[in-house]
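Scroll down for the structure; my scribbles are underneath it.
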Amino acid sequence: LILIVGAGAIGQWLAALLRLRASEEVTLLVRPRQVELLRQGIFLGETPAHCTVVTELAAGAVFSDVIFAVKAYQVAAAASQVQAAGIVAERVWSFQNGVGGEPAVAAAFPNSWFGAMTTTVPVYIDGNRVLPGPKGGLAWSSAGEAGRAPAWLSQLGMACFAVGRVDSLKWSKLMLNLTCNASCALLDALPAQVVEHRRMFDFELECLREVLACLRKAGIPLVELPAYAVPQMAMLAPLPGFVVRRILGSKIKKARGDKPPSLLLDLRAGRSDSEVEVLNGAVVRLGAECGVPTPCNRWLYDALTSVVRGDVLWEQYQGQIDEVSRQALAARNGK
Ligand SMILES: NC(=O)c1ccc[n+]([C@@H]2O[C@H](COP(=O)([O-])OP(=O)(O)OC[C@H]3O[C@@H](n4cnc5c(N)ncnc54)[C@H](OP(=O)(O)O)[C@@H]3O)[C@@H](O)[C@H]2O)c1
């Protein structure tokens, strides 16, 4: 019996995969506004997946797995909710992008085995219809005993990589989420627009190079993820900008050039929190820990955070790609 906390894109997708492919019993903890629709089933293709849909947890309920499928900035509240209900779980999973929240989730459930999980499949939803992208798979890692990992990991109908180190899993996924995410949010632009703007994309490459420098210094190896050779991507870094732009830029344009990235969607939805905290913010924190300067990630992090918090008007950045790229690169040069 598996509990999934949060029924957005990832929560609904995992619920459908676990129900339809691994024949697991799934309980979904959802928002009240979602109950009626989700009780009709979740559609991944034509067959509906039926789960137990609840807005409150029964005190002391026992689950084999609890999977947190909420945004990084929602995890602490969700974990407290599960804790307060006295839920007993053999394993607890965090599915958040970015780096930072995992130790707190693991610490909240000291008697459970803790795992981090991610996917390279982009997942969207339309009501109770799950719309996964065409390529990618799952990956997971745990500092706990590997033998305690569940059998369903291999029953979801797609590649599911076991990664030796949690930090390698998290930072390798962050490498895929970083580019054309915060900058698109700040500019209210699509990834293709950033890729096509030479100076703005050069700035994106500087952000990636900062991550690589931090990881080298911290001794965190990158790993391959389903359909994404992340370590090979890192090998592009020393090449001249125009070469990297051609290779990486065309990949980004093809895969997600016209799709608003997650940080932009959150800003458009008027959210007062942002996963920039666990993306560019995590780079800034790792840089500070290991003594590597990260001025580009710092600039993006500060600029987007000030917009998210309402300290600066979004209009000051929206559509201003020439001016923003000038300011951003000036930050790199310490001007
Ligand atoms: N979508 C992808 O392609 C993808 C791929 C890899 C990783 N991820 C990561 O996976 C995580 C989840 O992403 P997502 O796209 O599924 O986000 P999402 O669509 O925003 O889904 C989160 C859902 O959880 C709900 N929620 C939050 N706290 C809750 C609580 N305490 N009880 C019940 N429901 C709660 C949210 O409701 P409200 O909207 O009312 O807050 C929302 O419906 C993020 O960290 C994301 O970065 C996403």
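By convention here, the chains of the structure tokens are called A, B, ... in the order presented, each chain's residues are numbered starting at 1, and ligands are numbered starting at 1 in the order presented.
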Within 6 Å of ligand 1, which residues of chain A come that close, and what is the closest atom pair and distance in Å for each? Count only C-alpha atoms and all ligand atoms and give it as a tab-separated table.
residue	atom	partner	partner_atom_place_in_ligand_line	distance
A:Val5	CA	ligand 1	33 (C)	5.7
A:Gly6	CA	ligand 1	24 (O)	3.3
A:Ala7	CA	ligand 1	23 (C)	4.8
A:Gly8	CA	ligand 1	21 (O)	3.2
A:Ala9	CA	ligand 1	16 (O)	3.8
A:Ile10	CA	ligand 1	16 (O)	3.7
A:Gly11	CA	ligand 1	16 (O)	5.6
A:Leu29	CA	ligand 1	33 (C)	5.1
A:Val30	CA	ligand 1	33 (C)	4.0
A:Arg31	CA	ligand 1	33 (C)	4.8
A:Ala69	CA	ligand 1	12 (C)	4.8
A:Val70	CA	ligand 1	22 (C)	4.0
A:Lys71	CA	ligand 1	45 (O)	4.0
A:Ala72	CA	ligand 1	45 (O)	4.8
A:Gln74	CA	ligand 1	28 (N)	5.3
A:Ala78	CA	ligand 1	31 (N)	4.0
A:Phe95	CA	ligand 1	10 (O)	5.3
A:Gln96	CA	ligand 1	45 (O)	3.3
A:Asn97	CA	ligand 1	47 (O)	4.0
A:Thr118	CA	ligand 1	6 (C)	5.6
A:Thr119	CA	ligand 1	6 (C)	4.9
A:Pro122	CA	ligand 1	3 (O)	3.6
A:Val123	CA	ligand 1	3 (O)	3.7
A:Tyr124	CA	ligand 1	1 (N)	5.8
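For Leu265 (chain A), the set of protein, DNA and RNA residues having any atom at most 12 Å away, when counting only C-alpha atoms and skipping those fewer than 2 positions along the same chain, is Tyr124, Asn181, Ala182, Cys184, Ala185, Leu186, Asp188, Ala189, Leu190, Lys259, Pro260, Pro261, Ser262, Leu263, Leu267, Arg268, Ala269, Gly270, Arg271, Asp273, Ser274, Glu275 and Val308 of chain A.
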Selection export as a short mmCIF file (atom, residue, chain, number, x, y, z; two decimals), in the first residue's frame, atoms kept: N, CA, C and O atoms:
data_model
loop_
_atom_site.label_atom_id
_atom_site.label_comp_id
_atom_site.auth_asym_id
_atom_site.auth_seq_id
_atom_site.Cartn_x
_atom_site.Cartn_y
_atom_site.Cartn_z
N TYR A 124 3.23 16.46 -17.83
CA TYR A 124 2.23 17.54 -17.73
C TYR A 124 0.89 16.90 -17.41
O TYR A 124 0.70 15.70 -17.62
N ASN A 181 15.84 27.93 -17.35
CA ASN A 181 14.74 27.79 -16.41
C ASN A 181 14.54 29.11 -15.66
O ASN A 181 13.61 29.86 -15.97
N ALA A 182 15.47 29.46 -14.76
CA ALA A 182 15.32 30.72 -14.03
C ALA A 182 15.35 31.92 -14.98
O ALA A 182 14.59 32.90 -14.80
N CYS A 184 14.36 32.05 -18.10
CA CYS A 184 13.07 32.14 -18.80
C CYS A 184 12.00 32.72 -17.88
O CYS A 184 11.15 33.50 -18.32
N ALA A 185 12.05 32.30 -16.60
CA ALA A 185 11.06 32.82 -15.65
C ALA A 185 11.23 34.34 -15.51
O ALA A 185 10.27 35.11 -15.60
N LEU A 186 12.45 34.77 -15.34
CA LEU A 186 12.72 36.19 -15.14
C LEU A 186 12.26 37.02 -16.35
O LEU A 186 11.67 38.07 -16.21
N ASP A 188 10.12 36.03 -18.69
CA ASP A 188 8.82 35.62 -19.21
C ASP A 188 8.98 35.20 -20.68
O ASP A 188 8.24 35.64 -21.56
N ALA A 189 10.00 34.35 -20.89
CA ALA A 189 10.35 33.94 -22.26
C ALA A 189 10.42 32.42 -22.34
O ALA A 189 10.52 31.73 -21.33
N LEU A 190 10.40 31.91 -23.57
CA LEU A 190 10.51 30.45 -23.77
C LEU A 190 11.98 30.07 -23.99
O LEU A 190 12.78 30.91 -24.42
N LYS A 259 8.25 25.15 -24.71
CA LYS A 259 7.47 24.82 -23.50
C LYS A 259 7.90 25.73 -22.35
O LYS A 259 9.08 25.80 -22.03
N PRO A 260 6.95 26.40 -21.72
CA PRO A 260 7.33 27.24 -20.58
C PRO A 260 7.92 26.37 -19.48
O PRO A 260 7.30 25.38 -19.08
N PRO A 261 9.13 26.66 -18.99
CA PRO A 261 9.72 25.83 -17.93
C PRO A 261 9.01 26.02 -16.59
O PRO A 261 8.25 26.98 -16.40
N SER A 262 9.31 25.10 -15.66
CA SER A 262 8.53 25.05 -14.41
C SER A 262 8.61 26.34 -13.60
O SER A 262 7.61 26.78 -13.03
N LEU A 263 9.77 26.99 -13.56
CA LEU A 263 9.88 28.21 -12.75
C LEU A 263 9.02 29.33 -13.34
O LEU A 263 8.47 30.16 -12.61
N LEU A 267 5.69 31.21 -11.63
CA LEU A 267 5.60 32.68 -11.54
C LEU A 267 4.31 33.18 -12.19
O LEU A 267 3.62 34.04 -11.66
N ARG A 268 3.99 32.59 -13.35
CA ARG A 268 2.74 32.97 -14.03
C ARG A 268 1.53 32.64 -13.17
O ARG A 268 0.52 33.32 -13.22
N ALA A 269 1.65 31.56 -12.37
CA ALA A 269 0.53 31.17 -11.50
C ALA A 269 0.45 32.05 -10.25
O ALA A 269 -0.42 31.87 -9.41
N GLY A 270 1.40 32.98 -10.13
CA GLY A 270 1.38 33.93 -9.01
C GLY A 270 1.84 33.32 -7.70
O GLY A 270 1.51 33.82 -6.62
N ARG A 271 2.62 32.24 -7.76
CA ARG A 271 3.10 31.62 -6.52
C ARG A 271 4.12 32.53 -5.83
O ARG A 271 4.91 33.19 -6.50
N ASP A 273 6.39 31.33 -3.83
CA ASP A 273 7.58 30.51 -3.59
C ASP A 273 8.08 30.01 -4.93
O ASP A 273 7.32 29.99 -5.90
N SER A 274 9.33 29.59 -4.96
CA SER A 274 9.88 29.14 -6.23
C SER A 274 10.95 28.08 -5.98
O SER A 274 11.69 28.15 -5.00
N GLU A 275 11.03 27.10 -6.88
CA GLU A 275 12.09 26.09 -6.75
C GLU A 275 13.46 26.65 -7.17
O GLU A 275 14.44 25.92 -7.14
N VAL A 308 9.86 36.98 -7.27
CA VAL A 308 8.92 36.02 -6.64
C VAL A 308 8.36 36.60 -5.34
O VAL A 308 7.18 36.51 -5.05
#
Step one, run DSSP on the backbone; step two, keep only residues of region 35-187 of chain A assigned to alpha helix (DSSP H); then write them as an MDAnalysis selection string. chainID A and resid 35:38 75:84 102:108 166:178 182:187
With N, CA, C and O atoms retained, could you export that selection as a compact mmCIF listing (two decimals), in the first residue's frame?
# COMPACT_ATOMS: atom_id res chain seq x y z
N VAL A 35 -10.68 16.37 -5.45
CA VAL A 35 -11.27 15.07 -5.08
C VAL A 35 -12.23 14.53 -6.13
O VAL A 35 -12.10 13.39 -6.60
N GLU A 36 -13.18 15.36 -6.53
CA GLU A 36 -14.24 14.85 -7.40
C GLU A 36 -13.68 14.29 -8.71
O GLU A 36 -14.01 13.18 -9.12
N LEU A 37 -12.78 15.04 -9.32
CA LEU A 37 -12.23 14.61 -10.61
C LEU A 37 -11.37 13.36 -10.45
O LEU A 37 -11.49 12.39 -11.23
N LEU A 38 -10.52 13.35 -9.43
CA LEU A 38 -9.58 12.22 -9.30
C LEU A 38 -10.29 10.94 -8.88
O LEU A 38 -9.79 9.84 -9.14
N VAL A 75 7.38 20.70 0.68
CA VAL A 75 7.71 19.43 1.33
C VAL A 75 7.66 19.51 2.84
O VAL A 75 7.13 18.59 3.49
N ALA A 76 8.18 20.59 3.41
CA ALA A 76 8.24 20.66 4.87
C ALA A 76 6.84 20.58 5.47
O ALA A 76 6.58 19.81 6.40
N ALA A 77 5.89 21.34 4.88
CA ALA A 77 4.51 21.32 5.40
C ALA A 77 3.89 19.94 5.19
O ALA A 77 3.19 19.42 6.07
N ALA A 78 4.13 19.34 4.02
CA ALA A 78 3.54 18.03 3.73
C ALA A 78 4.11 16.96 4.67
O ALA A 78 3.38 16.11 5.18
N ALA A 79 5.41 17.05 4.94
CA ALA A 79 6.04 16.07 5.84
C ALA A 79 5.47 16.22 7.26
O ALA A 79 5.19 15.22 7.93
N SER A 80 5.25 17.47 7.69
CA SER A 80 4.67 17.68 9.03
C SER A 80 3.27 17.09 9.11
O SER A 80 2.88 16.51 10.12
N GLN A 81 2.52 17.24 8.00
CA GLN A 81 1.15 16.71 7.96
C GLN A 81 1.16 15.18 8.12
O GLN A 81 0.38 14.62 8.88
N VAL A 82 2.07 14.53 7.41
CA VAL A 82 2.17 13.06 7.46
C VAL A 82 2.65 12.62 8.85
O VAL A 82 2.13 11.67 9.44
N GLN A 83 3.60 13.37 9.36
CA GLN A 83 4.15 13.08 10.70
C GLN A 83 3.06 13.23 11.77
O GLN A 83 2.90 12.38 12.64
N ALA A 84 2.30 14.34 11.66
CA ALA A 84 1.27 14.63 12.68
C ALA A 84 0.20 13.54 12.69
O ALA A 84 -0.41 13.28 13.74
N GLU A 102 16.20 17.17 1.03
CA GLU A 102 16.19 15.74 1.37
C GLU A 102 16.55 15.44 2.82
O GLU A 102 15.85 14.64 3.46
N PRO A 103 17.61 16.06 3.38
CA PRO A 103 17.96 15.71 4.76
C PRO A 103 16.80 15.95 5.74
O PRO A 103 16.59 15.15 6.65
N ALA A 104 16.02 17.03 5.50
CA ALA A 104 14.92 17.33 6.43
C ALA A 104 13.83 16.26 6.33
O ALA A 104 13.26 15.84 7.34
N VAL A 105 13.54 15.79 5.11
CA VAL A 105 12.51 14.74 4.95
C VAL A 105 13.00 13.46 5.62
O VAL A 105 12.26 12.81 6.38
N ALA A 106 14.25 13.10 5.35
CA ALA A 106 14.80 11.87 5.95
C ALA A 106 14.76 11.97 7.48
O ALA A 106 14.36 11.02 8.16
N ALA A 107 15.11 13.14 8.00
CA ALA A 107 15.16 13.31 9.46
C ALA A 107 13.77 13.26 10.08
O ALA A 107 13.60 12.85 11.23
N ALA A 108 12.74 13.66 9.30
CA ALA A 108 11.37 13.66 9.83
C ALA A 108 10.85 12.23 10.03
O ALA A 108 9.90 12.00 10.77
N VAL A 166 23.35 9.54 -3.47
CA VAL A 166 22.20 10.45 -3.54
C VAL A 166 22.63 11.80 -4.11
O VAL A 166 21.95 12.38 -4.97
N ASP A 167 23.80 12.31 -3.69
CA ASP A 167 24.22 13.64 -4.18
C ASP A 167 24.50 13.60 -5.69
O ASP A 167 24.19 14.55 -6.41
N SER A 168 25.01 12.48 -6.19
CA SER A 168 25.23 12.37 -7.64
C SER A 168 23.91 12.40 -8.40
O SER A 168 23.79 13.04 -9.44
N LEU A 169 22.93 11.69 -7.87
CA LEU A 169 21.61 11.69 -8.51
C LEU A 169 21.03 13.11 -8.55
O LEU A 169 20.60 13.61 -9.59
N LYS A 170 21.07 13.78 -7.39
CA LYS A 170 20.44 15.09 -7.28
C LYS A 170 21.12 16.14 -8.17
O LYS A 170 20.48 16.91 -8.85
N TRP A 171 22.47 16.15 -8.15
CA TRP A 171 23.18 17.17 -8.92
C TRP A 171 23.14 16.87 -10.42
O TRP A 171 23.12 17.79 -11.24
N SER A 172 23.10 15.59 -10.78
CA SER A 172 23.01 15.26 -12.21
C SER A 172 21.66 15.73 -12.75
O SER A 172 21.57 16.27 -13.86
N LYS A 173 20.61 15.53 -11.96
CA LYS A 173 19.29 16.00 -12.40
C LYS A 173 19.25 17.53 -12.42
O LYS A 173 18.69 18.13 -13.35
N LEU A 174 19.90 18.15 -11.44
CA LEU A 174 19.93 19.62 -11.42
C LEU A 174 20.59 20.17 -12.68
O LEU A 174 20.15 21.19 -13.24
N MET A 175 21.62 19.49 -13.17
CA MET A 175 22.29 19.93 -14.40
C MET A 175 21.28 20.01 -15.56
O MET A 175 21.39 20.85 -16.44
N LEU A 176 20.29 19.09 -15.54
CA LEU A 176 19.30 19.09 -16.63
C LEU A 176 18.21 20.15 -16.42
O LEU A 176 17.56 20.56 -17.36
N ASN A 177 18.01 20.56 -15.18
CA ASN A 177 16.93 21.51 -14.88
C ASN A 177 17.37 22.97 -14.88
O ASN A 177 16.54 23.87 -14.89
N LEU A 178 18.69 23.18 -14.83
CA LEU A 178 19.18 24.54 -14.59
C LEU A 178 19.05 25.46 -15.81
O LEU A 178 18.64 26.61 -15.68
N ALA A 182 15.47 29.46 -14.76
CA ALA A 182 15.32 30.72 -14.03
C ALA A 182 15.35 31.92 -14.98
O ALA A 182 14.59 32.90 -14.80
N SER A 183 16.19 31.86 -16.01
CA SER A 183 16.27 33.01 -16.93
C SER A 183 14.96 33.18 -17.69
O SER A 183 14.49 34.30 -17.89
N CYS A 184 14.36 32.05 -18.10
CA CYS A 184 13.07 32.14 -18.80
C CYS A 184 12.00 32.72 -17.88
O CYS A 184 11.15 33.50 -18.32
N ALA A 185 12.05 32.30 -16.60
CA ALA A 185 11.06 32.82 -15.65
C ALA A 185 11.23 34.34 -15.51
O ALA A 185 10.27 35.11 -15.60
N LEU A 186 12.45 34.77 -15.34
CA LEU A 186 12.72 36.19 -15.14
C LEU A 186 12.26 37.02 -16.35
O LEU A 186 11.67 38.07 -16.21
N LEU A 187 12.55 36.47 -17.53
CA LEU A 187 12.26 37.21 -18.77
C LEU A 187 10.84 37.00 -19.28
O LEU A 187 10.41 37.66 -20.22
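Near region 45-50 of chain A, within 9 Å and counting only C-alpha atoms, sit Ala15, Ala16, Leu17, Arg19, Leu20, Glu25, Val26, Leu38, Arg39, Gln40, Gly41, Arg129, Val130 and Leu131 of chain A, not including residues fewer than 4 positions from it in the same chain.
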Would you give me, as a PyMOL selection string, the residues in region 11-134 of chain A that DSSP reads as strand (DSSP E)? chain A and resi 26-29+42-43+48-49+52-54+62-68+88-94+113-119+123-126+129-132
Contact residues around region 233-235 of chain A with only C-alpha atoms at 10 Å, ignoring same-chain residues under 6 positions, as a ChimeraX atom specification: /A:172,175-176,208-209,211-212,222,224,244,247-248
Exercise: Ala59 (chain A) partners within 8 Å, only C-alpha atoms, chain neighbours under 3 positions left out, as a PyMOL selection string: chain A and resi 85-87
Which residues are near Glu24 (chain A)? Cut-off 8 Å, only C-alpha atoms, ignore same chain within fewer than 6 positions. Put them as number ranges by chain. A: 1-2, 18
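Across the model, the gap from CA of Ile220 (chain A) to CA of Arg165 (chain A) is 8.8 Å.
Minimum distance to Glu210 (chain A) across A:Leu239, A:Ile67, A:Leu286, A:Ala22 (counting only C-alpha atoms) occurs at A:Leu286.
Across the structure, CA of Pro240 (chain A) and CA of Asp202 (chain A) are spaced 10.2 Å apart.
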Write out as CSV the residues of region 193-306 of chain A that have any atom within 7 Å of an atom of region 320-335 of chain A, one row each with the nearest atom pair and its distance in Å to one decimal, counting only C-alpha atoms, sorted by chain and then rising number.
residue,atom,partner,partner_atom,distance
A:Arg199,CA,A:Ser325,CA,6.0
A:Met200,CA,A:Ser325,CA,4.9
A:Phe203,CA,A:Leu329,CA,6.2
A:Pro295,CA,A:Arg332,CA,5.4
A:Cys296,CA,A:Arg332,CA,5.4
A:Trp299,CA,A:Ala328,CA,6.5
Just to be explicit: take each residue in the selection above, keep N, CA and C atoms, and write the result as a PDB file, in the first residue's frame.
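Saved the output as selection.pdb:
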ATOM      1  N   ARG A 199      24.139  36.359 -26.174  1.00  0.00           N
ATOM      2  CA  ARG A 199      24.691  36.771 -24.885  1.00  0.00           C
ATOM      3  C   ARG A 199      23.970  36.094 -23.717  1.00  0.00           C
ATOM      4  N   MET A 200      22.640  35.953 -23.859  1.00  0.00           N
ATOM      5  CA  MET A 200      21.878  35.330 -22.765  1.00  0.00           C
ATOM      6  C   MET A 200      22.268  33.858 -22.647  1.00  0.00           C
ATOM      7  N   PHE A 203      25.537  33.384 -21.010  1.00  0.00           N
ATOM      8  CA  PHE A 203      25.376  33.500 -19.556  1.00  0.00           C
ATOM      9  C   PHE A 203      24.890  32.162 -18.970  1.00  0.00           C
ATOM     10  N   PRO A 295      29.087  33.729  -9.242  1.00  0.00           N
ATOM     11  CA  PRO A 295      28.398  35.021  -9.438  1.00  0.00           C
ATOM     12  C   PRO A 295      27.209  34.949 -10.390  1.00  0.00           C
ATOM     13  N   CYS A 296      27.268  34.063 -11.382  1.00  0.00           N
ATOM     14  CA  CYS A 296      26.162  34.017 -12.356  1.00  0.00           C
ATOM     15  C   CYS A 296      24.915  33.402 -11.731  1.00  0.00           C
ATOM     16  N   TRP A 299      23.478  35.867  -9.324  1.00  0.00           N
ATOM     17  CA  TRP A 299      22.732  36.963  -9.935  1.00  0.00           C
ATOM     18  C   TRP A 299      21.310  36.524 -10.291  1.00  0.00           C
TER      19      TRP A 299
END
